[in-house]
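Student: To start, I am sharing the structure in question, which I have written as structure tokens.
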Amino acid sequence: MAERRTIEVGAIARVEGEGALHLVLEGDRIVDLRLEIYEPPRFFEALARGRRADELPDLMARICGICPVAYQMSAAHAIEAAWDVAVDPSVRALRRLYYAGEWIESHLLHMMFLAAPDFLGLDDAMEIARRHRNHVERALRLRKLGNRILILLGGRSVNPVGVRIGGFHRIPTRGEMRALAGELRAARAEAELLLHWFASLPVPSRPQDVELVALRHASEYPMNEGRIVSTRGIDTTAADFDATFEEIQVPHSTALHARNRTTGAPYLVGPLARVTLGRDRLSPAAAAAHASLADRFVQPDPGASVFARGIEVIQAIDEALTVLDADLSPPPEPRPTPRAGVGHAATEAPRGILYVSLETDAAGDVRRLRIVPPTSQNQAQIEADLRGLVPRILAASDDEGRRLAEAAIRDYDPCISCATHFLTVTVERRESSCEST
Amino acid sequence: MRVHVIGIGTLHADDAVGLAVAERLASLPLPEGILVRTCARPLPDLLDALEGADAAVLVDAARTGAMPGAIRRLAPSDLARLHTPSSHGVGVAQALSLAEALGRAPARVAFVAIEAEPIGRDRPLRPISPAVAASIGEAADVALRIAREMQDAGEGEARDA
């Protein structure tokens with residue numbers, strides 16, 4: 001009988017939240033491959049029911065410590081769609097600035113502290129700090145600028161509270177915006193240097209046969225608006241998200257898996273998809289950075305995600321500067337009228353499309369809320385990628401196999417805390433299957 | 001001399017106790033130079049919370065096998081042996097060693113660990129358990145006492161120099 005090997009990564013390090021990988025191989029056959037997500041399932045969709053819809057931006061900011069802006073933005077846009085609220089052009093611009101801050105912060109955290117140790121063969125970011133201190137300092141400086149943008153518009157960087165339906169609670173002063181613009185202008189060169197350093201590292205390549213999905217806007221790099229498009233012909237709206245994609249329950253995870261409803265195949269959202277589908281919407285500096293790495297973007301390659309993040313940091317700095325330099329006129333006080341309605345919104349979280357749909361009653365209370373975060377959309381693709389990695393895992397020692405699999409999962413920057421849904425049955429099945437293996 | 005008392009945690013069950021201690025301290029009149037900070041993720045937020053501090057007292061939930069609610073004062077060197085719940089697998093000990101590697105760690109760091117109940121997987125957004133909540137006041141006193149000792153020691157050194 002063929003030799004049976006079990007590779008378990010009990011708690012995957014350097015990802016957001018808690019997940020485990022369970023892989024059973026018999027000879028060269030995969031008996032079992034499961035990316036298990038065992039964060040405490042979250043009740044947010046049910047918790048929101050019966051609450052006032054205008055509480056959602058604050059409530060949803062609590063779902064994730066890394067991407068609160070994405071939850072606030074998708075929720076605000078969905079409510080504005082349901083209540084037919086017109087968003088002032090200055091608010092629209094400030095929302096781009098706010099989102100840019102989150103991209104900068106989230107991408108740098110992942111690039112330097114979660115991913116870089118894999119490329120350098122070092123155990124952790126502390127080793128990198130000792131050997132490549134200037135790059136770590138640079139990443140921290142850039143991240144802090146992202147943080148400052150979040151504080152400027154959100155009031156604070158963790159669980160920010162600045163967003164309201166139709167606008168912000170406080171509009172920054174011209175002086176505040178000018179001060180930040182000065183610092184960001186110097187930051188672009190730093191972001192370019194950092195990406196250049198990552199490009200010099202041995203970042204492995206792992207091309208995938210997968211459909212990439214992102215928002216596409218008529219003239220801008222996608223953030224808060226746009227149609228949902230793909231590399232294989234999807235071109236639809238957030239309102240048709242459910243007609244295009246479906247979520248399925250799997251027994252081993254408290255996150256739902258997603259797939260293309262027509263093909264039944266997994267798909268990929270996130271920086272790699274955005275950079276590929278929105279290449280012609282990049283700023284000149286980001287486009288130049290993309291061109292210098294063009295050979296890494298010929299095929300969908302999760303290994304190149306770190307470069308896509310680096311390009312998007314440059315893009316986000318340019319987006320922020322555009323808004324900060326625009327001399328915006330202060331928007332009028334938003335006065336949304338609560339009413340019965342249905343709204344859908346898709347925005348681009350740092351990790352990809354975050355879809356929210358909701359329904360409010362005549363008083364403006366939430367009757368129904370649905371959240372589809374990027375990581376649950378990517379989970380089926382992460383498993384497919386790992387299956388493709390099996391020949392290399394087979395040829396390696398258990399330790400090396402474990403390292404390969406973990407690094408591949410980290411390429412997707414999964415935010416497992418965001419991805420979990422509440423499913424009692426799933427939780428119980430997962431535990432019993434753990435005991436039997 | 002500035003001493004930062006930093007409550008570390010998330011709003012999830014007993015992991016929130018460090019934040020609750022910080023909240024308690026922030027509601028008190030504190031001696032000059034003792035500042036309260038909070039931090040949700042050791043990496044990278046702890047680096048921000050340490051900025052400008054000459055010394056720091058970190059307050060966090062920990063699991064050492066003691067009775068839930070037990071308060072222990074630890075040295076940074078004890079941290080590596082502890083299980084401190086954290087996101088993305090980078091705990092307080094690693095965030096501190098990163099601060100050291102970057103030359104940003106304060107000269108003195110103390111750690112106040114409050115024993116947590118196991119963080120369950122089945123009940124999200126659970127409040128702090130009663131045994132642990134009962135220790136919030138005492139943990140705040142302990143943290144403040146250590147912060148004062150650090151200030152005194154720092155001033156003593158400054159006089160000697």
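Every chain in the structure tokens has a letter given in the order shown (A, B, ...), and although residue numbers restart at 1 in each chain, ligands are simply numbered from 1 in the order shown.
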Which residues are near Leu293 of chain A? Cut-off 12 Å, only C-alpha atoms, ignore same chain within fewer than 3 positions. Put them as a list in words.
Tutor: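 The residues that qualify are Leu195, His196, Phe198, Ala199, Ser200, Val275, Thr276, Ala286, Ala287, Ala288, Ala289, His290, Arg296, Phe297, Val298, Ala304, Ser305, Val306, Phe307, Ala308, Gly310 and Ile311 of chain A.
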Student: Write to file, as a compact mmCIF listing (two decimals), in the first residue's frame, the residues of the selection just made, with N, CA, C and O atoms.
Tutor:
```
# COMPACT_ATOMS: atom_id res chain seq x y z
N LEU A 195 9.37 48.79 -3.27
CA LEU A 195 8.96 47.81 -4.29
C LEU A 195 10.19 47.30 -5.04
O LEU A 195 10.29 46.11 -5.34
N HIS A 196 11.13 48.19 -5.30
CA HIS A 196 12.36 47.81 -5.98
C HIS A 196 13.11 46.75 -5.16
O HIS A 196 13.64 45.78 -5.69
N PHE A 198 11.71 44.62 -2.98
CA PHE A 198 10.97 43.35 -3.08
C PHE A 198 11.25 42.67 -4.43
O PHE A 198 11.37 41.45 -4.50
N ALA A 199 11.38 43.48 -5.49
CA ALA A 199 11.63 42.91 -6.81
C ALA A 199 13.01 42.25 -6.88
O ALA A 199 13.25 41.38 -7.72
N SER A 200 13.90 42.61 -5.97
CA SER A 200 15.24 42.01 -5.97
C SER A 200 15.26 40.70 -5.17
O SER A 200 16.26 39.98 -5.16
N VAL A 275 -4.80 44.88 -10.40
CA VAL A 275 -3.68 45.37 -11.20
C VAL A 275 -3.80 44.83 -12.63
O VAL A 275 -3.52 45.54 -13.60
N THR A 276 -4.25 43.58 -12.77
CA THR A 276 -4.36 42.98 -14.09
C THR A 276 -5.51 43.61 -14.89
O THR A 276 -5.34 43.97 -16.05
N ALA A 286 2.64 54.45 -10.85
CA ALA A 286 2.26 53.06 -10.61
C ALA A 286 2.36 52.25 -11.90
O ALA A 286 2.77 51.09 -11.89
N ALA A 287 1.98 52.89 -13.02
CA ALA A 287 2.06 52.19 -14.31
C ALA A 287 3.52 51.89 -14.65
O ALA A 287 3.83 50.81 -15.18
N ALA A 288 4.42 52.81 -14.32
CA ALA A 288 5.85 52.57 -14.58
C ALA A 288 6.35 51.40 -13.74
O ALA A 288 7.11 50.56 -14.21
N ALA A 289 5.90 51.36 -12.49
CA ALA A 289 6.30 50.25 -11.61
C ALA A 289 5.76 48.94 -12.16
O ALA A 289 6.45 47.92 -12.18
N HIS A 290 4.52 48.96 -12.65
CA HIS A 290 3.93 47.76 -13.23
C HIS A 290 4.71 47.31 -14.46
O HIS A 290 5.01 46.13 -14.62
N ARG A 296 6.04 39.45 -14.55
CA ARG A 296 5.41 38.72 -13.44
C ARG A 296 3.88 38.74 -13.53
O ARG A 296 3.20 38.14 -12.70
N PHE A 297 3.34 39.49 -14.48
CA PHE A 297 1.88 39.61 -14.57
C PHE A 297 1.32 39.02 -15.86
O PHE A 297 0.21 39.34 -16.27
N VAL A 298 2.11 38.17 -16.53
CA VAL A 298 1.64 37.58 -17.79
C VAL A 298 0.50 36.61 -17.52
O VAL A 298 -0.52 36.60 -18.21
N ALA A 304 3.05 36.68 -7.39
CA ALA A 304 3.31 38.08 -7.76
C ALA A 304 2.41 39.05 -7.01
O ALA A 304 2.48 40.26 -7.22
N SER A 305 1.56 38.52 -6.11
CA SER A 305 0.64 39.40 -5.38
C SER A 305 1.38 40.47 -4.60
O SER A 305 0.91 41.60 -4.46
N VAL A 306 2.55 40.12 -4.09
CA VAL A 306 3.30 41.09 -3.29
C VAL A 306 3.71 42.29 -4.16
O VAL A 306 3.72 43.43 -3.69
N PHE A 307 3.99 42.03 -5.44
CA PHE A 307 4.32 43.15 -6.33
C PHE A 307 3.07 43.98 -6.62
O PHE A 307 3.15 45.20 -6.71
N ALA A 308 1.94 43.28 -6.80
CA ALA A 308 0.68 44.01 -7.03
C ALA A 308 0.41 44.93 -5.85
O ALA A 308 -0.03 46.07 -6.01
N GLY A 310 2.65 46.25 -3.84
CA GLY A 310 3.62 47.35 -3.89
C GLY A 310 3.21 48.40 -4.92
O GLY A 310 3.35 49.61 -4.68
N ILE A 311 2.71 47.95 -6.06
CA ILE A 311 2.24 48.88 -7.11
C ILE A 311 1.04 49.67 -6.57
O ILE A 311 0.92 50.88 -6.77
```
Student: Pick the closest to chain B from A:Asn224, A:Thr237, A:Thr254, A:Ser230: which is it, counting only C-alpha atoms?
Tutor: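 Counting only C-alpha atoms, the residue closest to chain B is A:Thr254.
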Student: When you draw a straight line from atom CA of Gln299 of chain A to atom CA of Asp28 of chain A, how long is it in Å?
Tutor: 26.6 Å
Student: Interatomic distance between atom CA of Asp141 of chain B and atom CA of Ala158 of chain B?
Tutor: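 Straight-line distance from atom CA of Asp141 of chain B to atom CA of Ala158 of chain B works out to 25.7 Å.
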Student: Between atom CA of Gln249 of chain A and atom CA of Thr262 of chain A, what is the spacing in Å?
Tutor: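 Atom CA of Gln249 of chain A lies at a distance of 17.6 Å from atom CA of Thr262 of chain A.
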Student: List the spatial neighbours of Asp45 of chain B as a PyMOL selection string - criterion: any atom at most 10 Å away, only C-alpha atoms, same-chain residues fewer than 3 positions off excluded.
Tutor: (chain A and resi 144+157-158) or (chain B and resi 8+38-42+48-50+95)
Student: Using the selection just defined, write its residues with C-alpha atoms as an mmCIF file, in the first residue's frame.
Tutor:
```
data_model
loop_
_atom_site.group_PDB
_atom_site.id
_atom_site.type_symbol
_atom_site.label_atom_id
_atom_site.label_comp_id
_atom_site.auth_asym_id
_atom_site.auth_seq_id
_atom_site.Cartn_x
_atom_site.Cartn_y
_atom_site.Cartn_z
ATOM 1 C CA LYS A 144 2.106 55.336 9.462
ATOM 2 C CA SER A 157 -7.228 54.082 13.100
ATOM 3 C CA VAL A 158 -8.671 51.107 15.007
ATOM 4 C CA ILE B 8 -3.332 45.298 24.779
ATOM 5 C CA THR B 38 -4.206 50.985 23.928
ATOM 6 C CA CYS B 39 -3.178 48.586 21.248
ATOM 7 C CA ALA B 40 -5.300 46.044 19.358
ATOM 8 C CA ARG B 41 -2.544 44.275 17.464
ATOM 9 C CA PRO B 42 0.944 43.923 18.903
ATOM 10 C CA ASP B 48 3.124 53.233 17.766
ATOM 11 C CA ALA B 49 2.011 52.911 21.395
ATOM 12 C CA LEU B 50 5.656 52.846 22.560
ATOM 13 C CA ALA B 95 6.620 42.980 18.610
#
```
Student: Taking the DSSP assignment computed from this structure's backbone, write out as a PyMOL selection string all residues of segment 26-146 of chain B that belong to helix (DSSP H, G or I).
Tutor: chain B and resi 26+42-50+76-81+87-89+92-101+130-133+136-146
Student: Enumerate the residues of segment 250-409 of chain A with a DSSP assignment of strand (DSSP E or B), computed from the backbone, and present them as a PyMOL selection string.
Tutor: chain A and resi 253+255+257-260+267-268+341-349+352-360+365-372
Student: Which residue out of A:His110, A:Arg185, A:His169, A:Arg259 has the minimum interatomic distance to chain B when only C-alpha atoms are used?
Tutor: A:His110
Student: Which residues are near segment 328-340 of chain A? Cut-off 8 Å, only C-alpha atoms, ignore same chain within fewer than 2 positions. Put them as a compact mmCIF listing (two decimals) with all heavy atoms, in the first residue's frame.
Tutor:
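See out-v1.txt below for the written result:
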```txt
# COMPACT_ATOMS: atom_id res chain seq x y z
N ALA A 82 -29.93 52.10 -1.24
CA ALA A 82 -31.29 51.75 -0.78
C ALA A 82 -32.13 53.00 -0.55
O ALA A 82 -33.34 52.98 -0.80
CB ALA A 82 -31.20 50.92 0.49
N TRP A 83 -31.50 54.06 -0.06
CA TRP A 83 -32.25 55.28 0.28
C TRP A 83 -32.16 56.36 -0.80
O TRP A 83 -32.65 57.47 -0.62
CB TRP A 83 -31.72 55.87 1.60
CG TRP A 83 -31.95 55.00 2.79
CD1 TRP A 83 -32.63 53.81 2.83
CD2 TRP A 83 -31.50 55.26 4.13
NE1 TRP A 83 -32.63 53.30 4.11
CE2 TRP A 83 -31.95 54.18 4.93
CE3 TRP A 83 -30.78 56.29 4.72
CZ2 TRP A 83 -31.68 54.10 6.30
CZ3 TRP A 83 -30.51 56.21 6.08
CH2 TRP A 83 -30.96 55.13 6.87
N VAL A 85 -29.59 58.18 -1.85
CA VAL A 85 -28.87 59.34 -1.34
C VAL A 85 -27.83 59.77 -2.39
O VAL A 85 -27.03 58.95 -2.82
CB VAL A 85 -28.15 59.01 -0.02
CG1 VAL A 85 -27.33 60.21 0.48
CG2 VAL A 85 -29.14 58.56 1.03
N ASP A 88 -22.18 63.88 -2.40
CA ASP A 88 -21.51 65.09 -2.86
C ASP A 88 -20.14 64.75 -3.46
O ASP A 88 -19.44 63.87 -2.95
CB ASP A 88 -21.33 66.03 -1.66
CG ASP A 88 -20.70 67.34 -2.04
OD1 ASP A 88 -21.45 68.25 -2.40
OD2 ASP A 88 -19.45 67.44 -1.98
N PRO A 89 -19.74 65.43 -4.53
CA PRO A 89 -18.44 65.12 -5.16
C PRO A 89 -17.25 65.23 -4.18
O PRO A 89 -16.29 64.45 -4.28
CB PRO A 89 -18.31 66.15 -6.27
CG PRO A 89 -19.70 66.62 -6.55
CD PRO A 89 -20.48 66.46 -5.29
N SER A 90 -17.30 66.17 -3.24
CA SER A 90 -16.19 66.28 -2.27
C SER A 90 -16.15 65.06 -1.36
O SER A 90 -15.08 64.57 -1.01
CB SER A 90 -16.34 67.54 -1.42
OG SER A 90 -16.19 68.68 -2.21
N VAL A 91 -17.31 64.56 -0.97
CA VAL A 91 -17.39 63.36 -0.14
C VAL A 91 -16.81 62.17 -0.91
O VAL A 91 -16.03 61.37 -0.39
CB VAL A 91 -18.84 63.06 0.30
CG1 VAL A 91 -18.96 61.68 0.92
CG2 VAL A 91 -19.31 64.13 1.28
N ILE A 165 -23.75 58.15 6.75
CA ILE A 165 -24.44 58.00 5.48
C ILE A 165 -24.39 59.34 4.76
O ILE A 165 -24.78 60.37 5.32
CB ILE A 165 -25.91 57.55 5.68
CG1 ILE A 165 -25.99 56.31 6.59
CG2 ILE A 165 -26.61 57.31 4.35
CD1 ILE A 165 -25.14 55.16 6.17
N GLY A 166 -23.87 59.35 3.57
CA GLY A 166 -23.79 60.57 2.77
C GLY A 166 -22.54 61.40 3.01
O GLY A 166 -22.32 62.40 2.35
N GLY A 167 -21.70 61.00 3.96
CA GLY A 167 -20.51 61.82 4.18
C GLY A 167 -19.64 61.39 5.34
O GLY A 167 -19.51 60.21 5.64
N ILE A 171 -15.11 67.10 8.44
CA ILE A 171 -14.33 67.30 7.22
C ILE A 171 -12.98 67.93 7.64
O ILE A 171 -12.95 68.91 8.39
CB ILE A 171 -15.07 68.24 6.25
CG1 ILE A 171 -16.46 67.66 5.90
CG2 ILE A 171 -14.26 68.49 4.99
CD1 ILE A 171 -16.44 66.31 5.20
N VAL A 323 -6.47 63.90 -4.17
CA VAL A 323 -7.56 64.45 -3.35
C VAL A 323 -7.04 65.59 -2.46
O VAL A 323 -7.67 66.64 -2.36
CB VAL A 323 -8.19 63.34 -2.48
CG1 VAL A 323 -9.30 63.91 -1.59
CG2 VAL A 323 -8.72 62.20 -3.35
N ALA A 326 -6.61 68.86 -4.27
CA ALA A 326 -7.72 69.31 -5.12
C ALA A 326 -8.40 70.57 -4.61
O ALA A 326 -9.25 71.13 -5.31
CB ALA A 326 -8.74 68.20 -5.27
N VAL A 342 -33.90 48.49 -0.93
CA VAL A 342 -32.91 47.43 -1.06
C VAL A 342 -31.68 48.04 -1.71
O VAL A 342 -31.81 48.81 -2.67
CB VAL A 342 -33.45 46.27 -1.94
CG1 VAL A 342 -32.36 45.24 -2.20
CG2 VAL A 342 -34.65 45.62 -1.28
N GLU A 359 -31.45 45.32 3.18
CA GLU A 359 -32.82 45.78 3.00
C GLU A 359 -33.21 46.54 4.25
O GLU A 359 -32.92 46.09 5.37
CB GLU A 359 -33.72 44.56 2.81
CG GLU A 359 -35.12 44.92 2.39
CD GLU A 359 -36.00 43.67 2.24
OE1 GLU A 359 -35.46 42.54 2.13
OE2 GLU A 359 -37.23 43.84 2.25
N THR A 360 -33.84 47.70 4.07
CA THR A 360 -34.30 48.46 5.23
C THR A 360 -35.82 48.58 5.17
O THR A 360 -36.42 48.51 4.09
CB THR A 360 -33.69 49.88 5.25
OG1 THR A 360 -34.04 50.56 4.04
CG2 THR A 360 -32.19 49.84 5.38
N ASP A 361 -36.43 48.77 6.35
CA ASP A 361 -37.88 48.99 6.39
C ASP A 361 -38.16 50.50 6.34
O ASP A 361 -37.23 51.31 6.23
CB ASP A 361 -38.51 48.31 7.61
CG ASP A 361 -38.00 48.87 8.93
OD1 ASP A 361 -37.45 49.99 8.92
OD2 ASP A 361 -38.14 48.19 9.95
N ALA A 362 -39.43 50.88 6.44
CA ALA A 362 -39.81 52.29 6.24
C ALA A 362 -39.15 53.20 7.27
O ALA A 362 -38.90 54.38 7.00
CB ALA A 362 -41.33 52.42 6.31
N ALA A 363 -38.83 52.65 8.46
CA ALA A 363 -38.19 53.47 9.49
C ALA A 363 -36.67 53.56 9.28
O ALA A 363 -35.98 54.24 10.03
CB ALA A 363 -38.49 52.87 10.87
N GLY A 364 -36.18 52.82 8.30
CA GLY A 364 -34.74 52.82 8.05
C GLY A 364 -33.99 51.78 8.88
O GLY A 364 -32.77 51.83 8.98
```
Student: Write out as a list in words the residues lying within 8 Å of segment 11-23 of chain B, counting only C-alpha atoms and excluding same-chain residues fewer than 5 positions away.
Tutor: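 The residues satisfying every condition are Val5, Ile6, Val36, Arg37, Thr38, Cys39, Val59, Asp60, Ala61, Pro85, Ile114, Ala116, Glu117, Ile119, Pro124, Leu125, Arg126, Pro127, Ile128, Ser129, Val132, Ala133, Ile136, Gly137, Ala139 and Ala140 of chain B.
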Student: Store the residues picked out above in a file with C-alpha atoms, as a PDB file, in the first residue's frame.
Tutor:
```
ATOM      1  CA  VAL B   5       0.775  52.063  30.393  1.00  0.00           C
ATOM      2  CA  ILE B   6      -0.388  50.126  27.349  1.00  0.00           C
ATOM      3  CA  VAL B  36      -2.404  55.484  28.967  1.00  0.00           C
ATOM      4  CA  ARG B  37      -2.362  53.899  25.515  1.00  0.00           C
ATOM      5  CA  THR B  38      -4.206  50.985  23.928  1.00  0.00           C
ATOM      6  CA  CYS B  39      -3.178  48.586  21.248  1.00  0.00           C
ATOM      7  CA  VAL B  59      -1.101  44.981  30.344  1.00  0.00           C
ATOM      8  CA  ASP B  60      -2.464  41.952  28.526  1.00  0.00           C
ATOM      9  CA  ALA B  61      -4.456  38.770  28.925  1.00  0.00           C
ATOM     10  CA  PRO B  85      -3.707  35.572  22.211  1.00  0.00           C
ATOM     11  CA  ILE B 114      -3.978  38.762  33.747  1.00  0.00           C
ATOM     12  CA  ALA B 116      -7.658  34.609  30.967  1.00  0.00           C
ATOM     13  CA  GLU B 117     -10.174  31.825  30.583  1.00  0.00           C
ATOM     14  CA  ILE B 119     -11.033  31.933  24.484  1.00  0.00           C
ATOM     15  CA  PRO B 124     -18.161  35.276  19.658  1.00  0.00           C
ATOM     16  CA  LEU B 125     -18.330  38.789  21.105  1.00  0.00           C
ATOM     17  CA  ARG B 126     -18.562  37.323  24.596  1.00  0.00           C
ATOM     18  CA  PRO B 127     -17.961  39.802  27.441  1.00  0.00           C
ATOM     19  CA  ILE B 128     -15.027  39.449  29.861  1.00  0.00           C
ATOM     20  CA  SER B 129     -15.676  36.491  32.180  1.00  0.00           C
ATOM     21  CA  VAL B 132     -11.300  38.074  35.062  1.00  0.00           C
ATOM     22  CA  ALA B 133     -13.511  41.174  35.246  1.00  0.00           C
ATOM     23  CA  ILE B 136      -9.599  44.796  36.506  1.00  0.00           C
ATOM     24  CA  GLY B 137      -9.330  47.228  39.449  1.00  0.00           C
ATOM     25  CA  ALA B 139      -4.597  45.055  37.766  1.00  0.00           C
ATOM     26  CA  ALA B 140      -4.989  48.810  37.211  1.00  0.00           C
TER      27      ALA B 140
END
```
Student: Using only C-alpha atoms, which of the listed residues (A:Glu192, A:Gly101, A:Arg29, A:Leu35) sits closest to Ile151 of chain A?
Tutor: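 Checking each of A:Glu192, A:Gly101, A:Arg29, A:Leu35 against Ile151 of chain A, counting only C-alpha atoms, the winner is A:Gly101.
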Student: Applying 9 Å and only C-alpha atoms, which residues near Ile71 of chain B remain after dropping the ones on its own chain fewer than 4 positions away? List them as a list in words.
Tutor: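 Once the nearby chain positions are removed, what remains is Val112, Ala113, Ile114, Glu115, Ser135, Glu138, Ala139 and Val142 of chain B.
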Student: Export, as a PDB file, in the first residue's frame, the selected residues with all heavy atoms.
Tutor:
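Result went into part30.pdb, see below:
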```
ATOM      1  N   VAL B 112       2.284  43.200  32.818  1.00  0.00           N
ATOM      2  CA  VAL B 112       1.293  42.725  33.786  1.00  0.00           C
ATOM      3  C   VAL B 112       0.367  41.763  33.054  1.00  0.00           C
ATOM      4  O   VAL B 112      -0.342  42.151  32.123  1.00  0.00           O
ATOM      5  CB  VAL B 112       0.480  43.895  34.380  1.00  0.00           C
ATOM      6  CG1 VAL B 112      -0.602  43.372  35.326  1.00  0.00           C
ATOM      7  CG2 VAL B 112       1.407  44.860  35.105  1.00  0.00           C
ATOM      8  N   ALA B 113       0.420  40.488  33.449  1.00  0.00           N
ATOM      9  CA  ALA B 113      -0.384  39.459  32.786  1.00  0.00           C
ATOM     10  C   ALA B 113      -1.597  39.144  33.649  1.00  0.00           C
ATOM     11  O   ALA B 113      -1.479  38.930  34.849  1.00  0.00           O
ATOM     12  CB  ALA B 113       0.455  38.207  32.574  1.00  0.00           C
ATOM     13  N   ILE B 114      -2.751  39.135  33.034  1.00  0.00           N
ATOM     14  CA  ILE B 114      -3.978  38.762  33.747  1.00  0.00           C
ATOM     15  C   ILE B 114      -4.440  37.438  33.146  1.00  0.00           C
ATOM     16  O   ILE B 114      -4.663  37.348  31.930  1.00  0.00           O
ATOM     17  CB  ILE B 114      -5.061  39.845  33.577  1.00  0.00           C
ATOM     18  CG1 ILE B 114      -4.506  41.185  34.081  1.00  0.00           C
ATOM     19  CG2 ILE B 114      -6.328  39.466  34.337  1.00  0.00           C
ATOM     20  CD1 ILE B 114      -5.047  42.368  33.366  1.00  0.00           C
ATOM     21  N   GLU B 115      -4.540  36.443  34.015  1.00  0.00           N
ATOM     22  CA  GLU B 115      -4.870  35.109  33.524  1.00  0.00           C
ATOM     23  C   GLU B 115      -6.278  35.103  32.924  1.00  0.00           C
ATOM     24  O   GLU B 115      -7.249  35.522  33.575  1.00  0.00           O
ATOM     25  CB  GLU B 115      -4.778  34.101  34.670  1.00  0.00           C
ATOM     26  CG  GLU B 115      -4.914  32.658  34.245  1.00  0.00           C
ATOM     27  CD  GLU B 115      -3.671  32.133  33.505  1.00  0.00           C
ATOM     28  OE1 GLU B 115      -2.589  32.753  33.623  1.00  0.00           O
ATOM     29  OE2 GLU B 115      -3.797  31.099  32.819  1.00  0.00           O
ATOM     30  N   SER B 135     -10.802  41.278  38.438  1.00  0.00           N
ATOM     31  CA  SER B 135      -9.402  41.657  38.654  1.00  0.00           C
ATOM     32  C   SER B 135      -9.016  42.983  37.997  1.00  0.00           C
ATOM     33  O   SER B 135      -7.868  43.415  38.123  1.00  0.00           O
ATOM     34  CB  SER B 135      -8.482  40.563  38.093  1.00  0.00           C
ATOM     35  OG  SER B 135      -8.685  39.369  38.799  1.00  0.00           O
ATOM     36  N   GLU B 138      -7.729  45.747  40.482  1.00  0.00           N
ATOM     37  CA  GLU B 138      -6.429  45.424  41.080  1.00  0.00           C
ATOM     38  C   GLU B 138      -5.315  45.499  40.031  1.00  0.00           C
ATOM     39  O   GLU B 138      -4.218  46.006  40.312  1.00  0.00           O
ATOM     40  CB  GLU B 138      -6.481  44.024  41.716  1.00  0.00           C
ATOM     41  CG  GLU B 138      -5.286  43.758  42.622  1.00  0.00           C
ATOM     42  CD  GLU B 138      -5.224  42.299  43.080  1.00  0.00           C
ATOM     43  OE1 GLU B 138      -6.272  41.627  43.087  1.00  0.00           O
ATOM     44  OE2 GLU B 138      -4.105  41.854  43.404  1.00  0.00           O
ATOM     45  N   ALA B 139      -5.615  45.004  38.827  1.00  0.00           N
ATOM     46  CA  ALA B 139      -4.597  45.055  37.766  1.00  0.00           C
ATOM     47  C   ALA B 139      -4.248  46.504  37.441  1.00  0.00           C
ATOM     48  O   ALA B 139      -3.079  46.834  37.189  1.00  0.00           O
ATOM     49  CB  ALA B 139      -5.097  44.327  36.519  1.00  0.00           C
ATOM     50  N   VAL B 142      -1.922  47.669  40.161  1.00  0.00           N
ATOM     51  CA  VAL B 142      -0.582  47.085  39.979  1.00  0.00           C
ATOM     52  C   VAL B 142       0.167  47.828  38.870  1.00  0.00           C
ATOM     53  O   VAL B 142       1.332  48.212  39.036  1.00  0.00           O
ATOM     54  CB  VAL B 142      -0.679  45.573  39.647  1.00  0.00           C
ATOM     55  CG1 VAL B 142       0.677  45.013  39.231  1.00  0.00           C
ATOM     56  CG2 VAL B 142      -1.228  44.799  40.849  1.00  0.00           C
TER      57      VAL B 142
END
```
